[in-house]
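Written out below as structure tokens is the structure these notes cover.
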Number of protein chains: 2
Amino acid sequence: MIFTDFLRGRRRHELTADDLAALEAVANDVRTLPARQTFIRQHEPVHFSTYLIEGLMCRYMDDREGLRQLVALHVTGDFVDLHGYPLRYLDHDLATITPCQIVTVPHERLDQLMENRPHLAKLLWFSTLMDAAIHREWIFALGRLDAVGRVAHFFCETEAKLRAVGLSDGRRFALPITQADLGEACGITSVHMNRMLRDLREDGILRFWGGKAEILDRARLERRAEFDPAYLYLDRLPVDSERA
Amino acid sequence: MIFTDFLRGRRRHELTADDLAALEAVANDVRTLPARQTFIRQHEPVHFSTYLIEGLMCRYMDDREGLRQLVALHVTGDFVDLHGYPLRYLDHDLATITPCQIVTVPHERLDQLMENRPHLAKLLWFSTLMDAAIHREWIFALGRLDAVGRVAHFFCETEAKLRAVGLSDGRRFALPITQADLGEACGITSVHMNRMLRDLREDGILRFWGGKAEILDRARLERRAEFDPAYLYLDRLPVDSERA
DNA sequence: CGTGACGTTGACTGTAGTCAAAGAAGGTGG
DNA sequence: CCACCTTCTTTGACTACAGTCAACGTCACG
């Protein structure tokens with residue numbers, strides 16, 4: 001049961017038991033990766049894709065001075081670099097944040113799925129386009145929101161993603177990353193990130209410390225973030241945890 | 001010959017004459033859209049996708065005050081909202097900038113292509129993931145570059161895309177958009193955009209006026225943009241115009 | 001107990017936003 | 001063909017948000 005959380009909360013119901021078995025059948029063995037390790041580097045030809053079973057990974061790009069910009073944060077249930085399959089090489093680096101459990105799937109096996117299982121193929125395609133939708137939302141946040149808004153947005157989105165796979169109860173969730181990581185995701189310095197988190201805390205909106213987040217006032221958090229979860233393509237807003 | 005420019009410069013050679021004919025066969029009639037018109041609105045169910053034959057289109061999102069953030073700019077040869085096929089609704093609005101010639105393709109016809117032409121399907125998938133790669137690059141630009149850098153980046157990317165379809169000679173190209181549009185793409189105000197364009201002009205790097213751009217010093221433009229075109233997945237840097 | 005990573009705060013700087021006004025360019029109708 | 005209007009561009013003065021630099025606190029771990 002490797003792909004238990006794949007598309008969970010997002011069209012998971014369209015994955016037939018048969019599709020799921022086909023997916024399991026093409027996967028390699030489960031592996032563990034250490035924290036803070038770059039797993040795939042940009043521009044290298046890739047011949048497999050990575051599914052994240054547990055842990056946090058990120059995709060990032062460095063600027064000329066080596067400063068990072070995160071372009072995606074991945075959690076349990078994400079097919080992290082499935083886009084590498086049609087693209088053949090990545091335009092960015094992929095790294096772990098925490099220790100991670102992953103499986104890889106060889107691209108020639110995916111070719112077989114493309115041939116024999118068009119419906120599953122369309123769902124795989126769908127999962128890569130959800131990532132693109134999230135990219136767009138980040139563009140919006142970076143382009144139009146101020147620092148607090150971006151931070152608020154990041155937490156709204158991350159909480160929703162974690163909730164979809166049962167890792168948030170809607171209020172509290174573990175997010176074992178540093179303020180520097182957050183800054184790299186939101187396009188602000190770690191110093192300023194610290195100040196924004198203080199503001200959110202003092203306003204009674206959000207608490208984040210030691211890798212744990214607590215939403216104190218969701219309505220105001222979402223308002224600051226201009227957050228509308230439609231772009232996450234959730235089946236419904238998942239309130240109770242449930243397995244498909 | 002509707003899809004003459006589809007994937008031109010990017011794996012076009014992998015499109016067999018057969019694939020191409022199959023694609024032509026599923027397209028509706030060519031239509032013309034007026035300038036500055038929203039064509040598809042976010043959250044509406046979509047049952048067809050749009051291929052842009054000629055003109056400029058953009059995808060955008062509004063913030064609470066109605067200010068726009070462009071999330072993509074599309075030119076000749078782009079399958080503008082193909083991602084609407086797996087996604088079923090868009091998370092943003094799609095609009096014309098100039099008058100546009102388009103064709104649409106019904107999604108049920110794309111289902112047929114998925115069933116019968118896995119290789120073509122993979123190329124369609126690929127084309128949507130190039131868009132995602134461009135999204136990531138925009139995230140990088142918005143998160144890590146200052147205003148001049150973002151503007152420079154926008155012009156590097158747009159020139160490269162236009163060159164791939166024969167609409168730029170590497171130095172001069174038509175780009176019939178306003179400074180306000182540019183600002184909405186780069187996440188800066190139109191006033192500041194005007195100042196950045198003046199700076200680039202006075203530094204002898206780039207001239208942009210009246211919808212026409214001229215690159216005066218490519219090396220310095222790309223340097224300011226921290227531009228590396230790998231993310232555009234071009235076959236090669238197309239110097240001469242050529243048809244596949 | 002020392003070290004390094006992470007978090008916190010303050011003072012100062014600078015980039016970009018805001019507000020306002022006016023100049024060009026282009027289109028339309030009289 | 002000109003007058004008018006709108007849209008786009010340009011510039012200046014002022015503001016404010018976020019970056020930079022620096023120092024210090026705190027905690028976990030070896």
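In the structure tokens, the first chain shown is A, the next is B, and so on; residue numbers restart at 1 for each chain, and ligands run from 1 in the order shown.
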Starting from chain D, keep only residues with some atom at most 12 Å from an atom of chain A, counting only C-alpha atoms (C1' of nucleotides), and report them as a ChimeraX atom specification. /D:16-21,27-28
Do a neighbour search on Ile53 of chain A at 12 Å with only C-alpha atoms (C1' of nucleotides), toss out local chain neighbours closer than 5 positions, and write the hits as a list in words. Met1, Ile2, Phe3, Thr4, Asp5, Phe6, Asp29, Val30, Arg31, Thr32, Leu33, His74, Val75, Thr76, Gly77, Asp78, Phe79, Val80, Pro99, Cys100, Gln101, Ile102, Val103, Thr104 and Val165 of chain A
May I have the residues within 12 Å of DA5 of chain C as a ChimeraX atom specification, using only C-alpha atoms (C1' of nucleotides) and disregarding those fewer than 5 positions away in the same chain? /A:178-180 /D:26-29
Provide as a PyMOL selection string the residues of chain C at most 8 Å from chain A, counting only C-alpha atoms (C1' of nucleotides). chain C and resi 6-8
Near DT6 of chain D, counting only C-alpha atoms (C1' of nucleotides), which residues have an atom at most 12 Å away, once you skip same-chain residues fewer than 2 positions from it, shown as a PyMOL selection string? (chain C and resi 25-28) or (chain D and resi 4+8)
Taking a cut-off of 6 Å and counting only C-alpha atoms, can you build a table that, for each residue of chain A near chain B, reports the nearest atom pair and how far apart they are in Å (one decimal), sorted by chain then residue number, as CSV?
residue,atom,partner,partner_atom,distance
A:Gln69,CA,B:Phe140,CA,5.9
A:Val71,CA,B:Arg136,CA,5.9
A:Pro86,CA,B:Phe126,CA,5.0
A:Asp91,CA,B:Tyr231,CA,5.1
A:Met114,CA,B:Pro118,CA,5.7
A:Glu115,CA,B:Pro118,CA,5.5
A:Pro118,CA,B:Glu115,CA,5.5
A:Phe126,CA,B:Pro86,CA,5.0
A:Ala132,CA,B:Ala132,CA,5.0
A:His135,CA,B:His135,CA,6.0
A:Arg136,CA,B:Val71,CA,5.9
A:Ile139,CA,B:Ile139,CA,5.4
A:Phe140,CA,B:Gln69,CA,5.9
A:Gly143,CA,B:Gly187,CA,4.2
A:Gly187,CA,B:Gly143,CA,4.2
A:Tyr231,CA,B:Asp91,CA,5.1
With all heavy atoms retained, export the selected residues as a short mmCIF file (atom, residue, chain, number, x, y, z; two decimals), in the first residue's frame.
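Ended up saving to selection_12.cif:
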data_model
loop_
_atom_site.label_atom_id
_atom_site.label_comp_id
_atom_site.auth_asym_id
_atom_site.auth_seq_id
_atom_site.Cartn_x
_atom_site.Cartn_y
_atom_site.Cartn_z
N GLN A 69 15.60 30.18 -3.79
CA GLN A 69 14.17 30.45 -3.85
C GLN A 69 13.47 29.11 -3.94
O GLN A 69 13.69 28.35 -4.89
CB GLN A 69 13.81 31.30 -5.06
CG GLN A 69 12.31 31.48 -5.27
CD GLN A 69 11.65 32.28 -4.16
OE1 GLN A 69 12.20 33.29 -3.72
NE2 GLN A 69 10.50 31.84 -3.68
N VAL A 71 10.56 26.80 -4.97
CA VAL A 71 9.47 26.90 -5.95
C VAL A 71 8.35 25.90 -5.65
O VAL A 71 7.30 25.97 -6.27
CB VAL A 71 9.98 26.72 -7.40
CG1 VAL A 71 10.93 27.84 -7.78
CG2 VAL A 71 10.65 25.37 -7.59
N PRO A 86 7.74 13.68 -18.68
CA PRO A 86 7.70 14.28 -20.03
C PRO A 86 8.86 15.24 -20.30
O PRO A 86 9.28 15.37 -21.45
CB PRO A 86 6.37 15.05 -20.04
CG PRO A 86 5.54 14.42 -18.97
CD PRO A 86 6.53 14.01 -17.91
N ASP A 91 14.32 21.59 -14.31
CA ASP A 91 14.85 22.94 -14.43
C ASP A 91 15.25 23.51 -13.07
O ASP A 91 15.50 24.69 -12.94
CB ASP A 91 13.78 23.83 -15.07
CG ASP A 91 12.42 23.64 -14.42
OD1 ASP A 91 11.69 22.70 -14.81
OD2 ASP A 91 12.11 24.40 -13.51
N MET A 114 1.17 4.81 -19.89
CA MET A 114 0.60 5.71 -20.91
C MET A 114 -0.10 4.90 -22.01
O MET A 114 -1.16 5.28 -22.49
CB MET A 114 1.70 6.56 -21.56
CG MET A 114 2.23 7.71 -20.72
SD MET A 114 1.02 9.02 -20.39
CE MET A 114 0.92 9.84 -21.99
N GLU A 115 0.52 3.80 -22.39
CA GLU A 115 -0.02 2.96 -23.47
C GLU A 115 -1.29 2.25 -23.04
O GLU A 115 -2.26 2.18 -23.79
CB GLU A 115 1.00 1.88 -23.87
CG GLU A 115 2.34 2.41 -24.36
CD GLU A 115 2.43 2.39 -25.88
OE1 GLU A 115 1.53 1.84 -26.53
OE2 GLU A 115 3.42 2.95 -26.40
N PRO A 118 -4.91 4.80 -20.16
CA PRO A 118 -5.08 6.23 -20.44
C PRO A 118 -5.76 6.99 -19.30
O PRO A 118 -5.43 8.14 -19.05
CB PRO A 118 -5.94 6.25 -21.71
CG PRO A 118 -6.45 4.87 -21.88
CD PRO A 118 -5.47 3.96 -21.21
N PHE A 126 -2.94 15.08 -14.36
CA PHE A 126 -3.66 15.96 -13.44
C PHE A 126 -2.80 16.33 -12.22
O PHE A 126 -2.73 17.49 -11.83
CB PHE A 126 -4.95 15.28 -12.99
CG PHE A 126 -5.63 15.93 -11.81
CD1 PHE A 126 -6.34 17.11 -11.96
CD2 PHE A 126 -5.55 15.34 -10.55
CE1 PHE A 126 -6.96 17.70 -10.87
CE2 PHE A 126 -6.17 15.94 -9.46
CZ PHE A 126 -6.88 17.12 -9.62
N ALA A 132 1.30 22.85 -10.95
CA ALA A 132 1.37 24.08 -11.74
C ALA A 132 0.39 25.12 -11.19
O ALA A 132 0.70 26.31 -11.14
CB ALA A 132 1.08 23.79 -13.21
N HIS A 135 1.98 26.63 -8.32
CA HIS A 135 2.96 27.60 -8.81
C HIS A 135 2.31 28.94 -9.11
O HIS A 135 2.81 29.99 -8.72
CB HIS A 135 3.61 27.11 -10.12
CG HIS A 135 4.52 25.94 -9.98
ND1 HIS A 135 5.14 25.59 -8.80
CD2 HIS A 135 4.96 25.04 -10.91
CE1 HIS A 135 5.90 24.51 -9.01
NE2 HIS A 135 5.80 24.17 -10.28
N ARG A 136 1.19 28.89 -9.81
CA ARG A 136 0.52 30.14 -10.18
C ARG A 136 0.12 30.92 -8.95
O ARG A 136 0.25 32.14 -8.90
CB ARG A 136 -0.71 29.86 -11.05
CG ARG A 136 -0.37 29.44 -12.46
CD ARG A 136 -1.61 29.37 -13.33
NE ARG A 136 -2.45 28.22 -13.06
CZ ARG A 136 -2.27 27.00 -13.60
NH1 ARG A 136 -1.27 26.79 -14.42
NH2 ARG A 136 -3.08 26.02 -13.30
N ILE A 139 3.00 32.67 -7.63
CA ILE A 139 3.28 33.87 -8.43
C ILE A 139 2.38 35.01 -7.96
O ILE A 139 2.83 36.13 -7.73
CB ILE A 139 3.04 33.60 -9.93
CG1 ILE A 139 4.10 32.64 -10.46
CG2 ILE A 139 3.04 34.90 -10.72
CD1 ILE A 139 3.85 32.17 -11.89
N PHE A 140 1.11 34.67 -7.79
CA PHE A 140 0.17 35.69 -7.31
C PHE A 140 0.61 36.24 -5.95
O PHE A 140 0.68 37.45 -5.74
CB PHE A 140 -1.24 35.09 -7.19
CG PHE A 140 -2.20 35.98 -6.47
CD1 PHE A 140 -2.76 37.08 -7.12
CD2 PHE A 140 -2.54 35.76 -5.14
CE1 PHE A 140 -3.64 37.93 -6.45
CE2 PHE A 140 -3.41 36.59 -4.47
CZ PHE A 140 -3.96 37.68 -5.14
N GLY A 143 3.74 38.32 -6.24
CA GLY A 143 3.58 39.54 -7.02
C GLY A 143 2.65 40.55 -6.38
O GLY A 143 2.84 41.75 -6.56
N GLY A 187 10.02 34.52 -0.39
CA GLY A 187 10.78 35.60 -1.02
C GLY A 187 11.08 36.75 -0.09
O GLY A 187 11.15 37.91 -0.51
N TYR A 231 -7.85 26.46 -6.05
CA TYR A 231 -6.70 26.08 -6.88
C TYR A 231 -6.05 24.78 -6.42
O TYR A 231 -5.17 24.26 -7.12
CB TYR A 231 -5.66 27.21 -6.91
CG TYR A 231 -4.87 27.38 -5.63
CD1 TYR A 231 -3.62 26.79 -5.49
CD2 TYR A 231 -5.36 28.13 -4.57
CE1 TYR A 231 -2.88 26.94 -4.33
CE2 TYR A 231 -4.64 28.28 -3.41
CZ TYR A 231 -3.39 27.70 -3.30
OH TYR A 231 -2.68 27.85 -2.14
#
DSSP on the backbone: which residues in segment 33-85 of chain A end up as strand (DSSP E)? Give the answer as a ChimeraX atom specification. /A:33,38-40,48-54,57-62,68-74
Within 10 Å of Leu120 of chain B using only C-alpha atoms (C1' of nucleotides), minus same-chain residues under 6 positions, as a tab-separated table (two decimals) with N, CA and C atoms, in the first residue's frame:
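Resulting contents of selection.tsv:
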chain	number	residue	atom	x	y	z
B	14	GLU	N	9.38	15.34	-32.70
B	14	GLU	CA	8.77	14.12	-32.19
B	14	GLU	C	7.30	14.00	-32.61
B	15	LEU	N	6.75	15.09	-33.11
B	15	LEU	CA	5.38	15.05	-33.60
B	15	LEU	C	5.40	14.47	-35.01
B	16	THR	N	4.89	13.27	-35.16
B	16	THR	CA	4.85	12.69	-36.50
B	16	THR	C	3.76	13.37	-37.32
B	18	ASP	N	1.49	11.99	-38.71
B	18	ASP	CA	0.29	11.30	-38.27
B	18	ASP	C	-0.32	11.92	-37.01
B	19	ASP	N	0.53	12.13	-36.04
B	19	ASP	CA	0.09	12.79	-34.81
B	19	ASP	C	-0.53	14.13	-35.14
B	20	LEU	N	0.17	14.86	-35.97
B	20	LEU	CA	-0.25	16.21	-36.32
B	20	LEU	C	-1.61	16.19	-36.99
B	22	ALA	N	-3.83	13.91	-36.62
B	22	ALA	CA	-4.81	13.54	-35.59
B	22	ALA	C	-5.22	14.77	-34.80
B	23	LEU	N	-4.26	15.61	-34.52
B	23	LEU	CA	-4.52	16.83	-33.76
B	23	LEU	C	-5.40	17.77	-34.58
B	113	LEU	N	-7.67	10.98	-28.07
B	113	LEU	CA	-6.22	11.01	-28.32
B	113	LEU	C	-5.46	10.29	-27.20
B	114	MET	N	-5.93	10.49	-25.98
B	114	MET	CA	-5.29	9.80	-24.85
B	114	MET	C	-5.35	8.28	-25.04
B	126	PHE	N	3.69	17.21	-22.02
B	126	PHE	CA	4.94	17.97	-22.03
B	126	PHE	C	4.69	19.47	-22.20
Residues at most 8 Å from Asp81 of chain A, counting only C-alpha atoms (C1' of nucleotides), excluding those fewer than 6 positions away in the same chain, as an MDAnalysis selection string? chainID A and resid 49:51
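Residues in contact with segment 169-174 of chain A at 10 Å, where only C-alpha atoms (C1' of nucleotides) are counted and same-chain residues fewer than 3 positions away are skipped, are listed as Cys156, Thr158, Glu159, Ala160, Leu162, Arg163, Ala164, Gly166, Ile177, Leu206, Arg207, Phe208, Trp209, Gly210, Gly211, Lys212, Ala213, Glu214, Ile215, Leu216, Asp217, Arg218, Pro238, Val239, Asp240 and Ser241 of chain A.
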Residues flagged helix (DSSP H, G or I) by DSSP in segment 62-109 of chain A, as an NGL selection string: :A and (84-87 or 107-109)
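As for atom C1' of DA20 of chain C and atom C1' of DT15 of chain D, they are spaced 13.9 Å apart.
Among the candidates D:DG30, D:DA22, D:DC14, D:DC1, the one nearest to DC12 of chain C when counting only C-alpha atoms (C1' of nucleotides) is D:DA22.
Nearest residue to DG29 of chain C, choosing from D:DG12, D:DC2, D:DG25, D:DT7 and counting only C-alpha atoms (C1' of nucleotides): D:DC2.
Rounded to one decimal, atom C1' of DT10 of chain D and atom CA of Phe155 of chain B lie 21.1 Å from each other.
When only C-alpha atoms are used to compute distances to Phe39 of chain B, the closest of the residues B:Asp235, B:Asp203, B:Glu24, B:Asp93 turns out to be B:Asp93.
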